[in-house]
Amino acid sequence: MTNCKTATDADGVRPVPDAHEALERTCPNCGADMHSQSCKLRCPRCGYYKSCSDF
Ligand SMILES: [Zn+2]
């Protein structure tokens with residue numbers, strides 16, 4: 001069985017934790033899930049947005 005070794009390798013090459021990316025995509029104003037639009041994130045609920053230079 002090499003399943004154990006494969007799982008370890010996959011976990012080692014992950015560049016960024018999923019939790020961090022989820023936090024960046026959450027609207028700080030209302031907490032809704034923001035949508036990426038070209039080079040900025042926009043909130044569909046309250047209209048808040050931030051450009052890529054902000055993060
Ligand atoms: Zn919002």
# chains A, B, ... in the order shown; residues from 1 in each chain; ligands from 1
$ closest_atom_pairs --of "chain A" --to "ligand 1" --cutoff "9 Å" --atoms "only C-alpha atoms and all ligand atoms" --output "CSV"
residue,atom,partner,partner_atom_place_in_ligand_line,distance
A:Thr26,CA,ligand 1,1 (Zn),8.0
A:Cys27,CA,ligand 1,1 (Zn),4.7
A:Pro28,CA,ligand 1,1 (Zn),6.7
A:Asn29,CA,ligand 1,1 (Zn),4.9
A:Cys30,CA,ligand 1,1 (Zn),4.2
A:Gly31,CA,ligand 1,1 (Zn),5.9
A:Ala32,CA,ligand 1,1 (Zn),5.4
A:Asp33,CA,ligand 1,1 (Zn),7.8
A:Met34,CA,ligand 1,1 (Zn),7.3
A:Arg42,CA,ligand 1,1 (Zn),8.0
A:Cys43,CA,ligand 1,1 (Zn),4.7
A:Pro44,CA,ligand 1,1 (Zn),6.7
A:Arg45,CA,ligand 1,1 (Zn),5.1
A:Cys46,CA,ligand 1,1 (Zn),4.2
A:Gly47,CA,ligand 1,1 (Zn),6.0
A:Tyr48,CA,ligand 1,1 (Zn),5.3
A:Tyr49,CA,ligand 1,1 (Zn),8.0
